[in-house]
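Structure below is run.csv: CSV, C-alpha atoms.
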chain,number,residue,atom,x,y,z
A,15,MET,CA,65.6,62.6,117.0
A,16,LYS,CA,63.8,65.5,115.5
A,17,PHE,CA,66.4,67.3,113.3
A,18,CYS,CA,69.0,66.1,110.7
A,19,ALA,CA,72.5,66.4,112.2
A,20,THR,CA,73.8,67.1,108.7
A,21,CYS,CA,71.4,69.7,107.2
A,22,GLY,CA,69.1,70.6,110.1
A,23,GLY,CA,66.0,69.4,108.2
A,24,ALA,CA,63.0,67.7,109.9
A,25,ILE,CA,63.4,64.0,110.6
A,26,GLU,CA,60.7,61.5,109.7
A,27,GLN,CA,60.5,57.9,110.7
A,28,ARG,CA,60.0,55.5,107.8
A,29,VAL,CA,61.3,52.4,106.2
A,30,PRO,CA,63.9,53.4,103.6
A,31,GLU,CA,63.9,51.8,100.1
A,32,GLY,CA,65.6,48.4,100.3
A,33,ASP,CA,65.4,48.3,104.1
A,34,ASP,CA,62.9,46.4,106.3
A,35,ARG,CA,62.7,48.5,109.4
A,36,ARG,CA,61.9,52.1,110.4
A,37,ARG,CA,64.8,54.5,110.5
A,38,PHE,CA,65.3,58.2,111.2
A,39,VAL,CA,65.4,59.7,107.7
A,40,CYS,CA,65.9,63.4,106.8
A,41,GLY,CA,62.9,64.8,104.9
A,42,ASP,CA,65.2,67.3,103.2
A,43,CYS,CA,68.5,65.7,102.4
A,44,GLY,CA,67.4,62.1,102.7
A,45,GLU,CA,70.2,61.0,105.0
A,46,ILE,CA,69.4,57.9,107.1
A,47,HIS,CA,70.5,58.3,110.7
A,48,TYR,CA,71.1,54.8,112.1
A,49,ILE,CA,71.0,54.1,115.8
A,50,ASN,CA,73.0,51.1,116.8
A,51,PRO,CA,73.7,49.1,120.0
A,52,ARG,CA,76.4,50.4,122.3
A,53,VAL,CA,79.3,48.5,123.7
A,54,ILE,CA,80.1,48.6,127.5
A,55,VAL,CA,83.7,47.4,128.3
A,56,GLY,CA,84.9,46.5,131.7
A,57,CYS,CA,87.3,44.6,133.8
A,58,LEU,CA,87.2,42.0,136.6
A,59,PRO,CA,90.4,43.0,138.4
A,60,GLU,CA,91.8,40.3,140.8
A,61,HIS,CA,94.6,40.8,143.2
A,62,ASN,CA,95.9,38.3,145.8
A,63,GLY,CA,92.6,36.4,145.3
A,64,LYS,CA,90.5,39.4,146.0
A,65,ILE,CA,88.2,41.2,143.6
A,66,LEU,CA,88.2,45.0,143.1
A,67,LEU,CA,84.8,46.6,143.2
A,68,CYS,CA,83.7,50.2,142.9
A,69,ARG,CA,80.8,51.9,144.7
A,70,ARG,CA,79.1,54.2,142.2
A,71,ALA,CA,79.1,57.9,142.8
A,72,ILE,CA,76.8,58.4,139.8
A,73,GLU,CA,73.3,57.4,138.7
A,74,PRO,CA,72.0,55.0,137.8
A,75,ARG,CA,72.5,52.8,140.9
A,76,HIS,CA,74.2,55.5,142.9
A,77,GLY,CA,75.8,53.9,146.0
A,78,TYR,CA,75.8,50.3,144.6
A,79,TRP,CA,78.8,48.2,143.9
A,80,THR,CA,80.0,47.4,140.4
A,81,LEU,CA,83.0,46.2,138.4
A,82,PRO,CA,84.8,49.0,136.6
A,83,ALA,CA,83.1,49.4,133.2
A,84,GLY,CA,81.7,52.0,130.9
A,85,PHE,CA,80.9,53.0,127.3
A,86,MET,CA,83.5,52.1,124.8
A,87,GLU,CA,85.0,55.1,123.0
A,88,ASN,CA,85.7,55.5,119.3
A,89,GLY,CA,89.3,54.6,118.3
A,90,GLU,CA,90.1,52.2,121.1
A,91,THR,CA,90.0,48.4,121.4
A,92,THR,CA,87.7,46.7,123.8
A,93,ALA,CA,90.7,45.8,126.0
A,94,GLU,CA,92.0,49.4,125.9
A,95,GLY,CA,88.5,50.6,126.9
A,96,ALA,CA,88.2,48.1,129.7
A,97,ALA,CA,91.7,49.2,131.0
A,98,ARG,CA,90.7,52.9,130.7
A,99,GLU,CA,87.6,52.4,132.7
A,100,THR,CA,89.5,50.6,135.4
A,101,LEU,CA,91.9,53.6,135.6
A,102,GLU,CA,89.1,56.1,135.6
A,103,GLU,CA,86.9,54.5,138.2
A,104,ALA,CA,89.5,52.8,140.4
A,105,ALA,CA,92.7,54.6,139.7
A,106,ALA,CA,94.2,51.1,139.0
A,107,THR,CA,96.4,50.0,136.1
A,108,ALA,CA,94.9,46.8,134.7
A,109,CYS,CA,97.5,44.2,133.5
A,110,ASN,CA,97.4,40.8,131.9
A,111,LEU,CA,93.9,41.3,130.4
A,112,ARG,CA,92.2,38.2,129.1
A,113,LEU,CA,88.8,38.2,127.4
A,114,TYR,CA,86.3,36.6,129.7
A,115,ARG,CA,82.6,37.4,128.9
A,116,LEU,CA,80.3,38.7,126.3
A,117,LEU,CA,76.8,39.6,127.5
A,118,ASP,CA,73.9,40.8,125.4
A,119,VAL,CA,71.3,43.0,127.0
A,120,PRO,CA,69.0,43.4,124.0
A,121,HIS,CA,66.1,45.3,125.8
A,122,ILE,CA,68.5,48.2,126.3
A,123,SER,CA,70.5,47.5,123.1
A,124,GLN,CA,73.8,47.0,124.9
A,125,VAL,CA,76.7,44.5,124.5
A,126,TYR,CA,79.0,44.0,127.5
A,127,VAL,CA,82.6,42.8,127.0
A,128,PHE,CA,84.5,41.9,130.2
A,129,TYR,CA,88.2,41.1,130.6
A,130,ARG,CA,89.8,39.4,133.6
A,131,CYS,CA,92.9,41.3,134.7
A,132,GLY,CA,95.4,41.9,137.4
A,133,ILE,CA,96.2,45.2,139.1
A,134,GLU,CA,99.7,46.6,138.6
A,135,GLU,CA,101.6,46.6,141.9
A,136,GLY,CA,98.2,46.1,143.7
A,137,ARG,CA,97.7,49.8,143.6
A,138,PHE,CA,94.2,51.4,143.3
A,139,GLY,CA,92.4,54.5,144.4
A,140,ILE,CA,89.1,56.2,144.0
A,141,GLY,CA,88.1,57.8,140.6
A,142,PRO,CA,85.6,60.6,140.2
A,143,GLU,CA,82.7,58.3,139.4
A,144,SER,CA,83.3,56.2,142.6
A,145,LEU,CA,82.4,56.8,146.2
A,146,GLU,CA,84.9,54.1,147.3
A,147,THR,CA,86.7,51.1,145.9
A,148,ARG,CA,87.7,48.0,147.8
A,149,LEU,CA,89.3,44.6,147.3
A,150,PHE,CA,86.7,42.0,148.4
A,151,ASP,CA,87.3,38.4,149.6
A,152,GLU,CA,84.7,36.1,148.1
A,153,ALA,CA,82.9,35.8,151.4
A,154,ASP,CA,82.5,39.6,151.7
A,155,ILE,CA,81.1,40.4,148.3
A,156,PRO,CA,78.0,42.6,148.9
A,157,TRP,CA,75.6,40.5,146.7
A,158,ASP,CA,72.6,42.5,147.8
A,159,GLU,CA,74.2,45.8,146.8
A,160,ILE,CA,75.5,44.9,143.3
A,161,ALA,CA,74.5,47.6,140.8
A,162,PHE,CA,73.6,45.5,137.7
A,163,PRO,CA,72.6,42.0,136.8
A,164,THR,CA,75.5,41.8,134.3
A,165,VAL,CA,77.9,42.3,137.2
A,166,THR,CA,76.2,39.7,139.4
A,167,GLU,CA,76.4,37.2,136.6
A,168,VAL,CA,80.1,37.8,135.8
A,169,LEU,CA,81.1,37.7,139.4
A,170,THR,CA,79.2,34.5,140.1
A,171,GLU,CA,80.6,32.7,137.1
A,172,PHE,CA,84.1,33.9,137.9
A,173,LEU,CA,84.0,32.5,141.4
A,174,ASP,CA,82.7,29.2,140.0
A,175,ASP,CA,85.4,29.1,137.3
A,176,ARG,CA,88.1,29.9,139.8
A,177,LYS,CA,87.4,26.7,141.8
A,178,GLN,CA,88.5,24.7,138.7
A,179,ASN,CA,91.0,27.3,137.6
A,180,VAL,CA,89.5,27.2,134.1
A,181,PHE,CA,88.0,30.4,132.6
A,182,PRO,CA,86.2,29.7,129.3
A,183,VAL,CA,85.0,32.7,127.4
A,184,ARG,CA,81.2,32.5,127.7
A,185,HIS,CA,78.4,34.3,126.0
A,186,SER,CA,74.9,34.9,127.5
A,187,VAL,CA,71.9,37.1,127.3
A,188,ILE,CA,70.5,39.1,130.2
A,189,SER,CA,66.7,39.4,129.6
A,190,LEU,CA,64.3,41.9,131.0
A,191,PRO,CA,62.8,40.5,134.2
A,192,ASP,CA,59.4,39.1,133.6
A,193,LYS,CA,57.7,41.7,135.8
A,194,PHE,CA,58.8,44.4,133.4
A,195,ARG,CA,57.9,42.7,130.2
A,196,LYS,CA,55.1,44.1,128.0
A,197,HIS,CA,52.4,41.4,127.4
B,4,MET,CA,77.6,66.6,112.7
B,5,LYS,CA,76.5,70.2,112.3
B,6,PHE,CA,73.0,70.4,113.9
B,7,CYS,CA,71.5,69.2,117.2
B,8,ALA,CA,69.2,66.2,116.5
B,9,THR,CA,67.0,67.3,119.5
B,10,CYS,CA,66.6,71.1,119.0
B,11,GLY,CA,68.2,71.9,115.6
B,12,GLY,CA,70.8,74.2,117.2
B,13,ALA,CA,74.3,74.6,116.0
B,14,ILE,CA,76.7,71.9,117.1
B,15,GLU,CA,80.2,72.8,118.5
B,16,GLN,CA,83.0,70.5,119.3
B,17,ARG,CA,84.4,70.9,122.8
B,18,VAL,CA,85.3,69.0,126.0
B,19,PRO,CA,82.3,69.0,128.2
B,20,GLU,CA,82.7,69.7,132.0
B,21,GLY,CA,83.9,66.6,133.8
B,22,ASP,CA,84.9,64.9,130.5
B,23,ASP,CA,88.3,64.5,129.0
B,24,ARG,CA,87.7,64.4,125.3
B,25,ARG,CA,86.0,66.5,122.6
B,26,ARG,CA,82.4,65.8,122.0
B,27,PHE,CA,79.7,67.1,119.8
B,28,VAL,CA,77.8,69.5,122.0
B,29,CYS,CA,74.7,71.6,121.1
B,30,GLY,CA,75.4,75.4,121.6
B,31,ASP,CA,71.7,76.0,122.3
B,32,CYS,CA,70.3,73.2,124.5
B,33,GLY,CA,73.7,71.8,125.7
B,34,GLU,CA,72.9,68.2,124.8
B,35,ILE,CA,76.0,66.0,124.3
B,36,HIS,CA,75.8,63.8,121.2
B,37,TYR,CA,78.1,60.8,121.8
B,38,ILE,CA,79.4,58.8,118.8
B,39,ASN,CA,80.3,55.2,119.8
B,40,PRO,CA,81.9,52.2,118.1
B,41,ARG,CA,79.6,50.0,116.1
B,42,VAL,CA,79.2,46.2,116.4
B,43,ILE,CA,79.3,44.0,113.3
B,44,VAL,CA,77.9,40.5,113.8
B,45,GLY,CA,78.4,37.6,111.6
B,46,CYS,CA,78.5,33.8,111.1
B,47,LEU,CA,81.0,31.3,109.9
B,48,PRO,CA,78.5,28.7,108.5
B,49,GLU,CA,79.8,25.2,108.0
B,50,HIS,CA,78.0,22.4,106.2
B,51,ASN,CA,79.5,18.9,105.5
B,52,GLY,CA,82.9,20.4,106.1
B,53,LYS,CA,82.4,23.2,103.7
B,54,ILE,CA,82.2,26.9,104.5
B,55,LEU,CA,79.5,29.2,103.1
B,56,LEU,CA,80.8,32.5,101.6
B,57,CYS,CA,78.9,35.3,99.9
B,58,ARG,CA,80.1,37.4,97.0
B,59,ARG,CA,79.3,41.0,97.8
B,60,ALA,CA,76.8,42.8,95.5
B,61,ILE,CA,77.4,46.1,97.4
B,62,GLU,CA,80.2,48.4,98.2
B,63,PRO,CA,82.7,48.4,99.8
B,64,ARG,CA,84.5,45.5,98.2
B,65,HIS,CA,81.8,44.8,95.6
B,66,GLY,CA,82.5,41.4,94.0
B,67,TYR,CA,84.7,40.1,96.8
B,68,TRP,CA,83.9,37.1,99.0
B,69,THR,CA,82.9,37.5,102.7
B,70,LEU,CA,81.3,35.7,105.6
B,71,PRO,CA,77.7,36.8,106.2
B,72,ALA,CA,77.9,39.7,108.6
B,73,GLY,CA,76.6,43.2,109.1
B,74,PHE,CA,75.8,46.0,111.5
B,75,MET,CA,74.0,44.8,114.7
B,76,GLU,CA,70.5,46.3,115.1
B,77,ASN,CA,69.0,47.7,118.3
B,78,GLY,CA,66.9,45.2,120.3
B,79,GLU,CA,68.7,42.1,119.1
B,80,THR,CA,71.4,39.9,120.6
B,81,THR,CA,74.7,39.4,118.9
B,82,ALA,CA,73.7,35.8,118.0
B,83,GLU,CA,70.3,37.0,116.7
B,84,GLY,CA,72.0,39.6,114.6
B,85,ALA,CA,74.5,37.1,113.2
B,86,ALA,CA,71.7,34.7,112.3
B,87,ARG,CA,69.7,37.6,110.7
B,88,GLU,CA,72.6,38.5,108.5
B,89,THR,CA,73.1,34.9,107.4
B,90,LEU,CA,69.4,34.8,106.4
B,91,GLU,CA,69.6,38.2,104.7
B,92,GLU,CA,72.8,37.6,102.7
B,93,ALA,CA,72.7,33.9,102.1
B,94,ALA,CA,69.0,32.9,102.6
B,95,ALA,CA,70.3,30.3,105.1
B,96,THR,CA,68.9,29.5,108.5
B,97,ALA,CA,71.8,29.4,111.0
B,98,CYS,CA,71.7,26.7,113.6
B,99,ASN,CA,73.8,25.7,116.6
B,100,LEU,CA,75.4,29.1,117.0
B,101,ARG,CA,78.6,29.1,119.1
B,102,LEU,CA,80.5,32.2,120.0
B,103,TYR,CA,83.9,32.1,118.1
B,104,ARG,CA,85.6,35.4,117.7
B,105,LEU,CA,85.8,39.0,118.9
B,106,LEU,CA,87.8,41.3,116.7
B,107,ASP,CA,88.6,44.9,117.4
B,108,VAL,CA,89.2,47.2,114.5
B,109,PRO,CA,89.9,50.5,116.3
B,110,HIS,CA,90.9,52.7,113.4
B,111,ILE,CA,87.4,52.4,112.1
B,112,SER,CA,85.8,52.1,115.6
B,113,GLN,CA,84.3,48.7,114.9
B,114,VAL,CA,83.9,45.5,117.0
B,115,TYR,CA,83.3,42.2,115.2
B,116,VAL,CA,81.6,39.3,116.8
B,117,PHE,CA,81.6,36.0,114.9
B,118,TYR,CA,79.6,32.8,115.6
B,119,ARG,CA,80.3,29.4,114.2
B,120,CYS,CA,77.1,27.8,113.0
B,121,GLY,CA,75.5,25.1,110.9
B,122,ILE,CA,73.0,25.6,108.1
B,123,GLU,CA,69.5,24.2,108.6
B,124,GLU,CA,69.0,21.4,106.2
B,125,GLY,CA,72.0,22.6,104.2
B,126,ARG,CA,69.7,25.1,102.4
B,127,PHE,CA,71.0,28.4,101.2
B,128,GLY,CA,70.3,30.9,98.4
B,129,ILE,CA,71.3,34.4,97.4
B,130,GLY,CA,70.2,37.5,99.3
B,131,PRO,CA,69.8,41.0,97.8
B,132,GLU,CA,73.3,42.0,99.0
B,133,SER,CA,75.0,39.0,97.4
B,134,LEU,CA,76.0,38.3,93.8
B,135,GLU,CA,76.3,34.6,94.6
B,136,THR,CA,76.8,32.3,97.5
B,137,ARG,CA,78.7,29.0,97.6
B,138,LEU,CA,79.9,26.3,99.9
B,139,PHE,CA,83.7,26.1,99.7
B,140,ASP,CA,86.0,23.2,100.4
B,141,GLU,CA,89.1,24.4,102.2
B,142,ALA,CA,91.3,24.0,99.1
B,143,ASP,CA,88.9,26.2,97.0
B,144,ILE,CA,88.6,29.2,99.3
B,145,PRO,CA,89.4,32.3,97.1
B,146,TRP,CA,92.0,33.8,99.5
B,147,ASP,CA,92.9,36.5,97.0
B,148,GLU,CA,89.4,37.7,96.7
B,149,ILE,CA,88.3,37.9,100.4
B,150,ALA,CA,86.6,41.2,101.1
B,151,PHE,CA,88.0,42.1,104.5
B,152,PRO,CA,91.1,41.3,106.7
B,153,THR,CA,88.7,40.3,109.6
B,154,VAL,CA,87.2,37.6,107.4
B,155,THR,CA,90.7,36.3,106.3
B,156,GLU,CA,91.7,36.1,110.0
B,157,VAL,CA,88.6,34.3,111.1
B,158,LEU,CA,88.7,31.8,108.2
B,159,THR,CA,92.4,31.1,108.7
B,160,GLU,CA,92.0,30.4,112.4
B,161,PHE,CA,88.9,28.3,111.9
B,162,LEU,CA,90.7,26.0,109.5
B,163,ASP,CA,93.6,25.7,111.9
B,164,ASP,CA,91.3,25.0,114.9
B,165,ARG,CA,89.4,22.5,112.9
B,166,LYS,CA,92.5,20.3,112.5
B,167,GLN,CA,92.5,19.9,116.3
B,168,ASN,CA,88.7,20.0,116.6
B,169,VAL,CA,89.1,22.6,119.4
B,170,PHE,CA,87.6,26.1,118.9
B,171,PRO,CA,88.6,28.4,121.7
B,172,VAL,CA,87.0,31.9,121.7
B,173,ARG,CA,89.7,34.3,120.8
B,174,HIS,CA,90.1,38.0,120.8
B,175,SER,CA,92.4,40.1,118.5
B,176,VAL,CA,93.0,43.5,117.1
B,177,ILE,CA,93.1,44.2,113.4
B,178,SER,CA,95.4,47.2,112.9
B,179,LEU,CA,95.6,49.7,110.1
B,180,PRO,CA,98.3,48.4,107.7
B,181,ASP,CA,101.5,50.4,108.2
B,182,LYS,CA,101.3,52.0,104.8
B,183,PHE,CA,98.1,53.8,105.8
B,184,ARG,CA,99.3,55.0,109.3
B,185,LYS,CA,99.9,58.6,109.9
B,186,HIS,CA,103.4,59.3,111.1

As structure tokens, what does this structure read like?
Amino acid sequence: MKFCATCGGAIEQRVPEGDDRRRFVCGDCGEIHYINPRVIVGCLPEHNGKILLCRRAIEPRHGYWTLPAGFMENGETTAEGAARETLEEAAATACNLRLYRLLDVPHISQVYVFYRCGIEEGRFGIGPESLETRLFDEADIPWDEIAFPTVTEVLTEFLDDRKQNVFPVRHSVISLPDKFRKH
Amino acid sequence: MKFCATCGGAIEQRVPEGDDRRRFVCGDCGEIHYINPRVIVGCLPEHNGKILLCRRAIEPRHGYWTLPAGFMENGETTAEGAARETLEEAAATACNLRLYRLLDVPHISQVYVFYRCGIEEGRFGIGPESLETRLFDEADIPWDEIAFPTVTEVLTEFLDDRKQNVFPVRHSVISLPDKFRKH
């Protein structure tokens, strides 16, 4: 961030009065431009015991499989956003949404919210951000080709929970793998 | 938003190619500046059966009572943010944090995440954003002076849940009161 979005003035980084961390502050009009974590909303759609996955047509992780999910938009709820992403990426109408998972990914300042859901009439297709979409039996899930650690974690837990038919809402943190940490 | 934060060019509002909603787009460099919902993280601190509330020293709702909560910062988890806010607003060290509530407030594009917690050694004080802080017995909670509907909802449910000593993680939507809706 170099310029103030409000007045076009030059941005400086400093700790504003009464604050305790560096912010982007306009040198001209004094406006503080906060940058906050972003919310990713998604669904874990299940139909006849199978799980709907989408193969990504976009970067990052082009060609890898994922659950339908994406950035939450202003003016929607987390459930509405999760259903919207399911429609956009898999042309499927999510139904019976139930909150399932909150995942923090602090090293990229993201919070994931996943809902379990059904698929209306079992219908799905291929949205513009997907190369293909498919209902997977547990035994066929392409574990080596899952796009993101968040998806692997949610899928793994869901399959475990399903054995007991109990689906507690859990919270966890996805950390940066050790090999990428700064020492 | 009037100016591009990257190049200082004039911002226009239009639907970018491949998108389906209006965004802030730079007329010069073409960068799309997304505006996303913000996450508010907070705690419901309990000590010896009493609940810690803070009386706000800042707007909005100056002088009203609230649970310690505030905007999540980049690089932290929701639980870390909730504990940070509890320290900042009530000088209390939150312990034993357990995810409790997700609340969507779509008309202001906010998502609230609340944790139940204890207070280390029962110690608390008054942070710079609070006029006073106090441990309330259920019977003494100042229901008419609660700052926000989210706080009223979380407190009400918590007191209900406590009777059964079962605290399911729930999700709900706080809507704009009818009288404020556009028709």

- Message: Can you measure atom CA of B:Gly73 to atom CA of B:Val169 for me? One decimal in Å is fine.
- Response: 26.2 Å

- Query: How many Å lie between atom CA of B:Leu70 and atom CA of B:Ile111, rounded to one decimal?
  - Reply: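 Distance reported for this atom pair: 18.9 Å.
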
Write out, as a Markdown table, each residue of chain B that has an atom at most 6 Å from chain A, together with the closest pair of atoms and their distance in Å to one decimal, counting only C-alpha atoms, rows going by chain and rising number.
| residue | atom | partner | partner_atom | distance |
| --- | --- | --- | --- | --- |
| B:Met4 | CA | A:Ala19 | CA | 5.1 |
| B:Lys5 | CA | A:Thr20 | CA | 5.5 |
| B:Phe6 | CA | A:Ala19 | CA | 4.4 |
| B:Cys7 | CA | A:Ala19 | CA | 5.8 |
| B:Ala8 | CA | A:Phe17 | CA | 4.4 |
| B:Thr9 | CA | A:Lys16 | CA | 5.4 |
| B:Gly11 | CA | A:Phe17 | CA | 5.4 |
| B:Asn39 | CA | A:Asn88 | CA | 5.4 |
| B:Pro40 | CA | A:Asn88 | CA | 5.2 |
| B:Glu76 | CA | A:Asn50 | CA | 5.7 |
| B:Asn77 | CA | A:Ser123 | CA | 5.0 |
| B:Gly78 | CA | A:Pro120 | CA | 4.6 |
| B:Glu79 | CA | A:Pro120 | CA | 5.1 |
| B:Thr80 | CA | A:Pro120 | CA | 5.4 |
| B:Asp107 | CA | A:Thr91 | CA | 5.5 |
| B:Pro109 | CA | A:Gly89 | CA | 4.6 |
| B:His110 | CA | A:Gly89 | CA | 5.5 |
| B:Ser112 | CA | A:Asn88 | CA | 5.0 |

- Query: Mind pulling up the distance from atom CA of A:Leu169 to atom CA of A:Arg98?
  - Reply: 20.0 Å

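For the set B:Pro152, B:Arg59, B:Arg104, B:Ile144, the residue with the smallest atom-to-atom gap to B:Phe170 is B:Arg104, counting all atoms listed in the file.
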
- Task: Quick one: everything within 7 Å of stretch 135-137 of chain A, counting only C-alpha atoms, minus sequence neighbours fewer than 2 positions away in the same chain. Send it as a PyMOL selection string.
- Result: chain A and resi 61+106+133

- Message: Report as a list in words all protein, DNA and RNA residues lying within 8 Å of B:Arg26, evaluated on all atoms listed in the file, omitting residues in the same chain fewer than 4 positions from it.
- Response: Gln16, Arg17, Val18, Pro19, Ile35, His36 and Tyr37 of chain B

- Item | Within 10 Å of file point (89.7, 39.4, 140.3), counting all atoms listed in the file, expressed as a PyMOL selection string | chain A and resi 57-67+81+129-133+149-152+169+172-173+176

- From the set A:Asp158, A:Glu103, A:Glu73, A:Glu26, which residue has the shortest atom-to-atom contact distance to A:Ser144, counting only C-alpha atoms?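 Looking only at the distances to A:Ser144, the closest residue turns out to be A:Glu103.
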
Writing C-alpha atoms and nothing else, produce stretch 81-117 of chain B as an mmCIF file, in the first residue's frame.
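Generated file (part-v6.cif):
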data_model
loop_
_atom_site.group_PDB
_atom_site.id
_atom_site.type_symbol
_atom_site.label_atom_id
_atom_site.label_comp_id
_atom_site.auth_asym_id
_atom_site.auth_seq_id
_atom_site.Cartn_x
_atom_site.Cartn_y
_atom_site.Cartn_z
ATOM 1 C CA THR B 81 -9.260 -16.398 16.418
ATOM 2 C CA ALA B 82 -8.445 -17.720 19.911
ATOM 3 C CA GLU B 83 -5.304 -15.584 20.188
ATOM 4 C CA GLY B 84 -7.302 -12.553 19.100
ATOM 5 C CA ALA B 85 -10.055 -13.268 21.617
ATOM 6 C CA ALA B 86 -7.459 -13.601 24.400
ATOM 7 C CA ARG B 87 -5.707 -10.407 23.255
ATOM 8 C CA GLU B 88 -8.947 -8.440 23.408
ATOM 9 C CA THR B 89 -9.651 -9.798 26.894
ATOM 10 C CA LEU B 90 -6.222 -8.636 28.022
ATOM 11 C CA GLU B 91 -6.585 -5.240 26.347
ATOM 12 C CA GLU B 92 -10.089 -4.439 27.544
ATOM 13 C CA ALA B 93 -10.204 -6.136 30.932
ATOM 14 C CA ALA B 94 -6.516 -6.682 31.835
ATOM 15 C CA ALA B 95 -7.428 -10.354 32.282
ATOM 16 C CA THR B 96 -5.515 -13.395 31.054
ATOM 17 C CA ALA B 97 -7.996 -15.721 29.381
ATOM 18 C CA CYS B 98 -7.428 -19.430 29.993
ATOM 19 C CA ASN B 99 -9.050 -22.659 28.854
ATOM 20 C CA LEU B 100 -10.540 -21.123 25.705
ATOM 21 C CA ARG B 101 -13.265 -23.217 24.033
ATOM 22 C CA LEU B 102 -14.987 -22.220 20.805
ATOM 23 C CA TYR B 103 -18.578 -21.279 21.599
ATOM 24 C CA ARG B 104 -20.316 -19.126 18.997
ATOM 25 C CA LEU B 105 -20.207 -18.015 15.389
ATOM 26 C CA LEU B 106 -22.498 -15.085 14.572
ATOM 27 C CA ASP B 107 -23.028 -13.569 11.163
ATOM 28 C CA VAL B 108 -24.019 -9.924 10.970
ATOM 29 C CA PRO B 109 -24.341 -9.560 7.193
ATOM 30 C CA HIS B 110 -25.802 -6.037 7.039
ATOM 31 C CA ILE B 111 -22.502 -4.732 8.405
ATOM 32 C CA SER B 112 -20.373 -7.502 6.832
ATOM 33 C CA GLN B 113 -19.068 -8.834 10.118
ATOM 34 C CA VAL B 114 -18.489 -12.327 11.493
ATOM 35 C CA TYR B 115 -18.213 -12.764 15.280
ATOM 36 C CA VAL B 116 -16.327 -15.650 16.860
ATOM 37 C CA PHE B 117 -16.734 -16.063 20.636
#
